[in-house]
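Asks: Take a look at coords.csv, CSV, C-alpha atoms:
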chain,number,residue,atom,x,y,z
A,642,MET,CA,127.7,115.8,148.5
A,643,GLN,CA,130.1,113.2,147.1
A,644,GLU,CA,130.6,110.1,149.2
A,645,ARG,CA,134.0,109.8,150.8
A,646,PHE,CA,135.6,106.6,152.0
A,647,ILE,CA,138.7,106.0,154.1
A,648,ILE,CA,140.3,102.5,154.0
A,649,SER,CA,140.9,101.4,157.6
A,650,PRO,CA,144.0,99.2,158.0
A,651,TYR,CA,142.2,96.6,160.1
A,652,LYS,CA,139.7,95.9,157.3
A,653,LYS,CA,142.4,95.0,154.8
A,654,VAL,CA,142.2,91.4,156.1
A,655,TYR,CA,138.5,91.3,154.9
A,656,TYR,CA,139.5,92.4,151.4
A,657,PHE,CA,142.1,89.7,151.5
A,658,ILE,CA,139.3,87.2,152.5
A,659,MET,CA,137.1,88.4,149.7
A,660,LEU,CA,140.0,88.0,147.3
A,661,LEU,CA,140.4,84.4,148.4
A,662,VAL,CA,136.7,83.8,148.0
A,663,ILE,CA,137.0,84.9,144.4
A,664,ALA,CA,140.3,83.3,143.7
A,665,ILE,CA,139.6,79.8,145.0
A,666,PRO,CA,136.5,79.1,142.8
A,667,LEU,CA,138.3,80.6,139.8
A,668,MET,CA,141.2,78.1,140.4
A,669,ILE,CA,138.7,75.3,140.7
A,670,PHE,CA,137.1,76.4,137.5
A,671,CYS,CA,140.5,76.5,135.7
A,672,PHE,CA,141.6,73.0,136.8
A,673,CYS,CA,138.3,71.2,137.1
A,674,PRO,CA,137.2,69.2,134.0
A,675,ALA,CA,134.0,70.2,132.2
A,676,ILE,CA,130.8,69.4,134.0
A,677,SER,CA,127.8,68.4,131.8
A,678,GLN,CA,124.2,68.8,132.8
A,679,PRO,CA,123.1,65.5,134.5
A,680,LEU,CA,120.1,64.2,132.7
A,681,ASP,CA,118.5,63.0,135.9
A,682,TYR,CA,118.2,66.7,136.9
A,683,HIS,CA,114.9,66.8,135.1
A,684,ASN,CA,113.6,63.8,137.0
A,685,PHE,CA,111.7,65.7,139.6
A,686,ALA,CA,110.2,64.0,142.6
A,687,ASP,CA,106.7,65.5,142.2
A,688,GLN,CA,105.4,64.6,138.8
A,689,ARG,CA,101.7,64.9,139.6
A,690,THR,CA,99.3,66.3,136.9
A,691,TYR,CA,96.2,68.4,137.7
A,692,TYR,CA,94.0,70.3,135.3
A,693,ASN,CA,96.1,69.0,132.4
A,694,ILE,CA,99.1,70.8,133.8
A,695,PRO,CA,102.1,68.4,134.2
A,696,TYR,CA,104.4,68.8,137.2
A,697,PHE,CA,101.6,70.9,138.6
A,698,TYR,CA,103.1,72.2,141.8
A,699,ASN,CA,106.5,72.9,140.3
A,700,VAL,CA,104.7,75.0,137.7
A,701,LEU,CA,102.2,76.6,140.0
A,702,SER,CA,104.8,77.6,142.6
A,703,ASN,CA,106.3,80.1,140.1
A,704,LEU,CA,103.3,82.3,140.9
A,705,GLY,CA,105.3,83.5,143.9
A,706,PHE,CA,108.0,85.1,141.6
A,707,LEU,CA,105.3,86.7,139.5
A,708,ILE,CA,103.4,88.2,142.5
A,709,VAL,CA,106.5,89.6,144.2
A,710,GLY,CA,107.8,91.0,140.8
A,711,VAL,CA,104.5,92.8,140.1
A,712,MET,CA,104.4,94.1,143.8
A,713,GLY,CA,107.9,95.4,143.4
A,714,LEU,CA,107.3,97.2,140.2
A,715,ILE,CA,104.1,98.8,141.6
A,716,PHE,CA,105.9,99.9,144.8
A,717,LEU,CA,108.8,101.4,142.8
A,718,ASN,CA,106.5,103.2,140.4
A,719,VAL,CA,104.3,104.9,143.1
A,720,SER,CA,106.9,105.4,145.9
A,721,SER,CA,108.9,108.5,146.5
A,722,MET,CA,112.7,108.7,146.7
A,723,HIS,CA,112.6,108.4,150.5
A,724,GLY,CA,114.4,105.1,150.6
A,725,PHE,CA,116.8,105.9,147.8
A,726,LYS,CA,119.7,108.3,147.6
A,727,ASP,CA,119.9,108.1,143.9
A,728,ALA,CA,117.4,107.5,141.1
A,729,LYS,CA,119.8,105.0,139.6
A,730,GLU,CA,119.1,102.7,142.5
A,731,LYS,CA,115.4,102.7,141.7
A,732,ARG,CA,116.0,101.8,138.1
A,733,MET,CA,118.3,99.0,139.2
A,734,HIS,CA,115.7,97.5,141.4
A,735,LYS,CA,113.0,97.9,138.7
A,736,LEU,CA,115.2,95.7,136.5
A,737,PHE,CA,115.5,93.2,139.3
A,738,PHE,CA,111.7,92.8,139.7
A,739,LEU,CA,111.3,92.7,135.9
A,740,ALA,CA,113.8,89.9,135.7
A,741,LEU,CA,111.8,88.2,138.5
A,742,ILE,CA,108.6,88.3,136.4
A,743,LEU,CA,110.4,87.0,133.4
A,744,GLY,CA,111.9,84.2,135.6
A,745,ALA,CA,108.4,83.2,136.7
A,746,TYR,CA,107.3,82.6,133.0
A,747,GLY,CA,110.7,81.0,132.1
A,748,SER,CA,110.6,78.6,135.0
A,749,ALA,CA,106.9,77.7,134.4
A,750,TYR,CA,107.7,77.1,130.8
A,751,TYR,CA,110.6,74.8,131.8
A,752,HIS,CA,108.7,72.8,134.4
A,753,TRP,CA,105.8,72.2,131.9
A,754,ASN,CA,108.3,70.3,129.8
A,755,PRO,CA,111.6,69.7,131.6
A,756,ASN,CA,114.6,69.4,129.3
A,757,ASN,CA,117.9,71.1,128.6
A,758,LEU,CA,116.4,73.4,125.9
A,759,THR,CA,113.6,74.7,128.1
A,760,LEU,CA,115.9,74.9,131.1
A,761,PHE,CA,117.8,77.7,129.3
A,762,TRP,CA,114.7,80.0,129.7
A,763,ASP,CA,114.5,79.1,133.3
A,764,ARG,CA,118.1,79.9,134.1
A,765,LEU,CA,118.6,83.0,132.0
A,766,PRO,CA,116.4,85.5,133.9
A,767,VAL,CA,117.3,84.0,137.3
A,768,ALA,CA,121.0,84.4,136.6
A,769,ILE,CA,120.4,88.0,135.5
A,770,ALA,CA,118.3,88.8,138.6
A,771,LEU,CA,121.1,87.4,140.8
A,772,MET,CA,123.6,89.7,139.2
A,773,ILE,CA,121.4,92.7,139.6
A,774,PHE,CA,121.1,91.9,143.3
A,775,GLN,CA,124.8,91.7,143.5
A,776,ALA,CA,125.2,95.1,141.9
A,777,ALA,CA,122.5,96.5,144.3
A,778,ILE,CA,124.5,95.2,147.3
A,779,ILE,CA,127.7,96.8,145.9
A,780,GLY,CA,125.7,100.1,145.5
A,781,ASP,CA,124.4,99.9,149.1
A,782,HIS,CA,127.6,98.9,150.8
A,783,VAL,CA,130.3,100.6,148.7
A,784,THR,CA,129.1,103.5,146.4
A,785,THR,CA,126.0,104.0,144.2
A,786,GLN,CA,128.3,104.9,141.4
A,787,LEU,CA,130.2,101.6,141.6
A,788,GLY,CA,127.1,99.6,141.8
A,789,HIS,CA,125.6,101.3,138.8
A,790,ARG,CA,128.8,100.8,136.8
A,791,MET,CA,128.9,97.2,137.7
A,792,LEU,CA,125.3,96.6,136.8
A,793,VAL,CA,125.5,96.0,133.0
A,794,PRO,CA,128.8,94.0,133.1
A,795,LEU,CA,127.3,91.7,135.8
A,796,MET,CA,124.1,91.3,133.9
A,797,LEU,CA,126.1,90.4,130.8
A,798,LEU,CA,128.2,88.0,132.9
A,799,GLY,CA,125.1,86.2,134.2
A,800,ALA,CA,123.6,85.9,130.7
A,801,ALA,CA,126.9,84.8,129.2
A,802,SER,CA,127.2,82.0,131.8
A,803,VAL,CA,123.8,80.5,130.7
A,804,ILE,CA,124.4,81.1,127.0
A,805,TYR,CA,127.8,79.4,127.2
A,806,TRP,CA,126.3,76.4,129.0
A,807,GLN,CA,123.5,76.0,126.4
A,808,TYR,CA,126.1,76.4,123.6
A,809,THR,CA,128.2,73.6,125.0
A,810,GLU,CA,125.2,71.4,125.5
A,811,MET,CA,124.1,71.9,121.9
A,812,ASN,CA,127.6,70.9,120.8
A,813,GLN,CA,127.5,67.7,122.8
A,814,HIS,CA,130.2,68.7,125.4
A,815,GLY,CA,128.1,70.4,128.1
A,816,ASP,CA,130.0,72.6,130.5
A,817,LEU,CA,128.4,74.0,133.7
A,818,ARG,CA,131.5,75.4,135.2
A,819,PHE,CA,131.0,79.0,134.1
A,820,TYR,CA,127.4,79.0,135.2
A,821,GLY,CA,128.2,77.3,138.5
A,822,LEU,CA,131.0,79.9,139.2
A,823,VAL,CA,128.6,82.8,138.5
A,824,GLN,CA,126.0,81.2,140.8
A,825,LEU,CA,128.6,80.5,143.6
A,826,LEU,CA,130.5,83.8,143.9
A,827,PRO,CA,127.5,86.0,144.9
A,828,SER,CA,126.5,83.3,147.4
A,829,LEU,CA,130.0,83.8,149.0
A,830,ILE,CA,130.6,87.5,148.4
A,831,ILE,CA,127.2,89.0,149.4
A,832,PRO,CA,127.2,87.6,153.0
A,833,ILE,CA,130.7,88.9,153.5
A,834,MET,CA,129.7,92.4,152.3
A,835,LEU,CA,126.6,92.4,154.5
A,836,TRP,CA,128.7,91.3,157.4
A,837,LYS,CA,131.7,93.6,157.2
A,838,LEU,CA,130.9,96.6,155.0
A,839,PRO,CA,128.5,99.2,156.5
A,840,SER,CA,125.3,99.8,154.6
A,841,ARG,CA,124.1,103.2,153.5
A,842,TYR,CA,120.6,102.2,154.6
A,843,THR,CA,118.8,100.8,157.6
A,844,HIS,CA,117.0,97.5,157.9
A,845,THR,CA,119.7,95.2,156.4
A,846,CYS,CA,118.1,92.4,158.5
A,847,TYR,CA,115.8,91.9,155.5
A,848,LEU,CA,118.8,91.3,153.3
A,849,TRP,CA,120.1,88.7,155.7
A,850,GLY,CA,116.7,87.1,155.5
A,851,ALA,CA,116.9,87.1,151.7
A,852,VAL,CA,120.3,85.3,151.9
A,853,ALA,CA,118.9,82.8,154.4
A,854,TYR,CA,115.9,82.0,152.1
A,855,MET,CA,118.3,81.7,149.1
A,856,SER,CA,120.4,79.2,151.0
A,857,LEU,CA,117.3,77.2,152.0
A,858,GLY,CA,116.2,77.1,148.4
A,859,ARG,CA,119.5,75.8,147.2
A,860,ALA,CA,119.5,73.1,149.8
A,861,ALA,CA,115.9,72.1,149.0
A,862,GLU,CA,116.8,71.8,145.4
A,863,PHE,CA,119.4,69.1,146.1
A,864,LEU,CA,117.0,67.3,148.5
A,865,ASP,CA,114.1,67.3,146.1
A,866,HIS,CA,113.3,63.5,146.5
A,867,GLN,CA,114.1,63.3,150.2
A,868,ILE,CA,111.8,66.2,151.1
A,869,TYR,CA,109.0,64.7,149.0
A,870,ALA,CA,109.4,61.4,150.8
A,871,LEU,CA,109.6,63.0,154.3
A,872,SER,CA,106.5,65.1,153.6
A,873,GLY,CA,104.5,62.0,152.7
A,874,ASN,CA,104.4,63.1,149.1
A,875,LEU,CA,102.8,66.4,150.0
A,876,ILE,CA,105.5,68.8,148.8
A,877,SER,CA,108.8,68.3,146.9
A,878,GLY,CA,112.1,70.0,147.5
A,879,HIS,CA,111.9,71.7,144.2
A,880,THR,CA,108.6,73.3,145.1
A,881,VAL,CA,110.1,74.4,148.4
A,882,LYS,CA,113.0,75.9,146.4
A,883,HIS,CA,110.6,78.1,144.4
A,884,LEU,CA,108.7,79.2,147.5
A,885,SER,CA,112.0,80.0,149.3
A,886,LEU,CA,113.4,82.0,146.5
A,887,ALA,CA,110.0,83.9,146.2
A,888,ALA,CA,110.3,84.6,150.0
A,889,ALA,CA,113.9,85.9,149.5
A,890,SER,CA,112.6,88.2,146.8
A,891,TYR,CA,109.8,89.4,149.1
A,892,ALA,CA,112.4,90.1,151.8
A,893,ILE,CA,114.3,92.3,149.3
A,894,LEU,CA,111.1,94.2,148.6
A,895,GLN,CA,110.5,94.6,152.3
A,896,HIS,CA,114.0,96.1,152.7
A,897,LEU,CA,113.2,98.6,150.0
A,898,ARG,CA,109.9,99.5,151.7
A,899,LYS,CA,111.3,100.0,155.1
A,900,ARG,CA,114.8,101.3,154.7
A,901,GLU,CA,116.0,104.8,155.3
A,902,PRO,CA,119.3,106.4,154.4
A,903,ILE,CA,121.9,106.5,157.1
A,904,ARG,CA,123.4,110.0,157.3
A,905,TYR,CA,127.1,109.4,158.0
A,906,THR,CA,130.4,109.1,156.2
A,907,SER,CA,131.2,105.4,155.8
A,908,SER,CA,134.6,104.1,156.8
A,909,LEU,CA,135.9,101.1,154.9
Render the structure in this file as structure tokens.
Replies:
Amino acid sequence: MQERFIISPYKKVYYFIMLLVIAIPLMIFCFCPAISQPLDYHNFADQRTYYNIPYFYNVLSNLGFLIVGVMGLIFLNVSSMHGFKDAKEKRMHKLFFLALILGAYGSAYYHWNPNNLTLFWDRLPVAIALMIFQAAIIGDHVTTQLGHRMLVPLMLLGAASVIYWQYTEMNQHGDLRFYGLVQLLPSLIIPIMLWKLPSRYTHTCYLWGAVAYMSLGRAAEFLDHQIYALSGNLISGHTVKHLSLAAASYAILQHLRKREPIRYTSSL
């Protein structure tokens, strides 16, 4: 049966809020001058070398992405359609976990030799994975068809933001605005969708957990040196970022494992 949706007048205000959430960063992007990649970004707090591996813990912590990515692909390949209303959703999440695996290798490659050229291979799969997650949320909270239609355009948008940044860096006028915008919007839109739009599945608490871990990871990235100092040089903020994002990915996997379709007609 085709999904039917009725727009409730009281929810128009939330669509207006989401429009503002999109419009304000776009205005900042248009009027803000170009932002180049700070060179001190590559100056990580934890630079310890073990077993001839530089930046050992920043490299090793990418194993979390690899493990969760493999677990996700195995689960999706052996599971039934119980937690999915459409096979398209399964394929979408397979792409997510595949991007996660590629992200593990890309991030490890970057952290082995941190510079703007290797950073490209770190950011590319991560940006694509974030866009796939955004499409999956649209599919869960609006319609499967819309989420599937948005998948490829969003993936291309994520990839384009990283390619544009790298192109501008190679031409000596680095510009992070496009990449920053693509990273920022899902961080604002996804929580609003989880909060105000009813899901087609149960156990959305795991998605809230994923959002919380993502936020923790972003904060830890900015506090790399401070966390390293506060921990007595035990663990750096950037390593915490990797572990937090791996935990966010695991929360998404747990949502897929436990969720069940909700049998009702949604009202927007």
Asks: Output as a tab-separated table one row per residue of segment 738-853 of chain A within 10 Å of segment 897-905 of chain A: the closest atom pair and its distance in Å to one decimal place, counting all atoms listed in the file, sorted by chain and residue number ascending.
Replies:
residue	atom	partner	partner_atom	distance
A:Asp781	CA	A:Pro902	CA	9.8
A:Pro839	CA	A:Ile903	CA	9.9
A:Ser840	CA	A:Ile903	CA	7.9
A:Arg841	CA	A:Ile903	CA	5.4
A:Tyr842	CA	A:Pro902	CA	4.4
A:Thr843	CA	A:Arg900	CA	5.0
A:His844	CA	A:Arg900	CA	5.4
A:Thr845	CA	A:Arg900	CA	8.0
A:Tyr847	CA	A:Leu897	CA	9.0
A:Leu848	CA	A:Leu897	CA	9.8
Asks: Determine the nearest neighbour of Met811 of chain A from the options A:Ser677, A:Met834, A:Ile708, A:Ser702, counting all atoms listed in the file.
Replies: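 Counting all atoms listed in the file, the residue closest to Met811 of chain A is A:Ser677.
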Asks: Find the residue from A:Gly710, A:Gly788, A:Gly850, A:Gly821 that sits nearest to Lys729 of chain A; use all atoms listed in the file when measuring.
Replies: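 Using all atoms listed in the file, the shortest distance to Lys729 of chain A belongs to A:Gly788.
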Asks: Which polymer residues have any atom within 10 Å of an atom of Pro679 of chain A, counting all atoms listed in the file, with same-chain residues fewer than 3 positions away left out, as a list in words?
Replies: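 My list of contacting residues is Ile676, Tyr682, His683, Asn684, Asn757 and Gly815 of chain A.
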Asks: May I have the selected residues written with C-alpha atoms, as a PDB file, in the frame of the given file?
Replies:
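Printed below is result12.pdb as written:
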ATOM      1  CA  ILE A 676     130.800  69.400 134.000  1.00  0.00           C
ATOM      2  CA  TYR A 682     118.200  66.700 136.900  1.00  0.00           C
ATOM      3  CA  HIS A 683     114.900  66.800 135.100  1.00  0.00           C
ATOM      4  CA  ASN A 684     113.600  63.800 137.000  1.00  0.00           C
ATOM      5  CA  ASN A 757     117.900  71.100 128.600  1.00  0.00           C
ATOM      6  CA  GLY A 815     128.100  70.400 128.100  1.00  0.00           C
TER       7      GLY A 815
END
Asks: Using all atoms listed in the file, which protein or nucleic acid residues come within 9 Å of Ile831 of chain A? Drop anything in the same chain fewer than 6 positions from it, and give the result as an MDAnalysis selection string.
Replies: chainID A and resid 775 778:779 852
Asks: May I ask for the distance between atom CA of Arg859 of chain A and atom CA of Gly705 of chain A, given in Å to one decimal place?
Replies: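 If I compute the distance from atom CA of Arg859 of chain A to atom CA of Gly705 of chain A, I get 16.5 Å.
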Asks: What does the structure give for the distance between atom CA of Ile876 of chain A and atom CA of Tyr854 of chain A, in Å to one decimal?
Replies: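 Atom CA of Tyr854 of chain A lies at a distance of 17.1 Å from atom CA of Ile876 of chain A.
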Asks: Mind listing as a PDB file with C-alpha atoms, in the coordinates of the input all residues within 9 Å of (111.3, 86.3, 135.2), counting all atoms listed in the file?
Replies:
ATOM      1  CA  PHE A 706     108.000  85.100 141.600  1.00  0.00           C
ATOM      2  CA  LEU A 707     105.300  86.700 139.500  1.00  0.00           C
ATOM      3  CA  GLY A 710     107.800  91.000 140.800  1.00  0.00           C
ATOM      4  CA  PHE A 738     111.700  92.800 139.700  1.00  0.00           C
ATOM      5  CA  LEU A 739     111.300  92.700 135.900  1.00  0.00           C
ATOM      6  CA  ALA A 740     113.800  89.900 135.700  1.00  0.00           C
ATOM      7  CA  LEU A 741     111.800  88.200 138.500  1.00  0.00           C
ATOM      8  CA  ILE A 742     108.600  88.300 136.400  1.00  0.00           C
ATOM      9  CA  LEU A 743     110.400  87.000 133.400  1.00  0.00           C
ATOM     10  CA  GLY A 744     111.900  84.200 135.600  1.00  0.00           C
ATOM     11  CA  ALA A 745     108.400  83.200 136.700  1.00  0.00           C
ATOM     12  CA  TYR A 746     107.300  82.600 133.000  1.00  0.00           C
ATOM     13  CA  GLY A 747     110.700  81.000 132.100  1.00  0.00           C
ATOM     14  CA  SER A 748     110.600  78.600 135.000  1.00  0.00           C
ATOM     15  CA  ASP A 763     114.500  79.100 133.300  1.00  0.00           C
ATOM     16  CA  LEU A 765     118.600  83.000 132.000  1.00  0.00           C
ATOM     17  CA  PRO A 766     116.400  85.500 133.900  1.00  0.00           C
ATOM     18  CA  VAL A 767     117.300  84.000 137.300  1.00  0.00           C
ATOM     19  CA  ALA A 770     118.300  88.800 138.600  1.00  0.00           C
TER      20      ALA A 770
END
Asks: Distance atom CA of Tyr692 of chain A-atom CA of Leu884 of chain A, one decimal place?
Replies: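 Computed distance, atom CA of Tyr692 of chain A to atom CA of Leu884 of chain A, equals 21.1 Å.
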Asks: Please return as JSON, numbers by chain every residue within 12 Å of (135.3, 70.0, 134.9), taking into account all atoms listed in the file and the file's own coordinates.
Replies: {"A": [668, 669, 670, 671, 672, 673, 674, 675, 676, 677, 678, 814, 815, 816, 817, 818, 819, 820, 821, 822]}
Asks: Contacts of segment 712-720 of chain A at 7 Å or less, counting only C-alpha atoms, minus same-chain residues fewer than 6 places along, as a PyMOL selection string?
Replies: chain A and resi 731+735+738+894
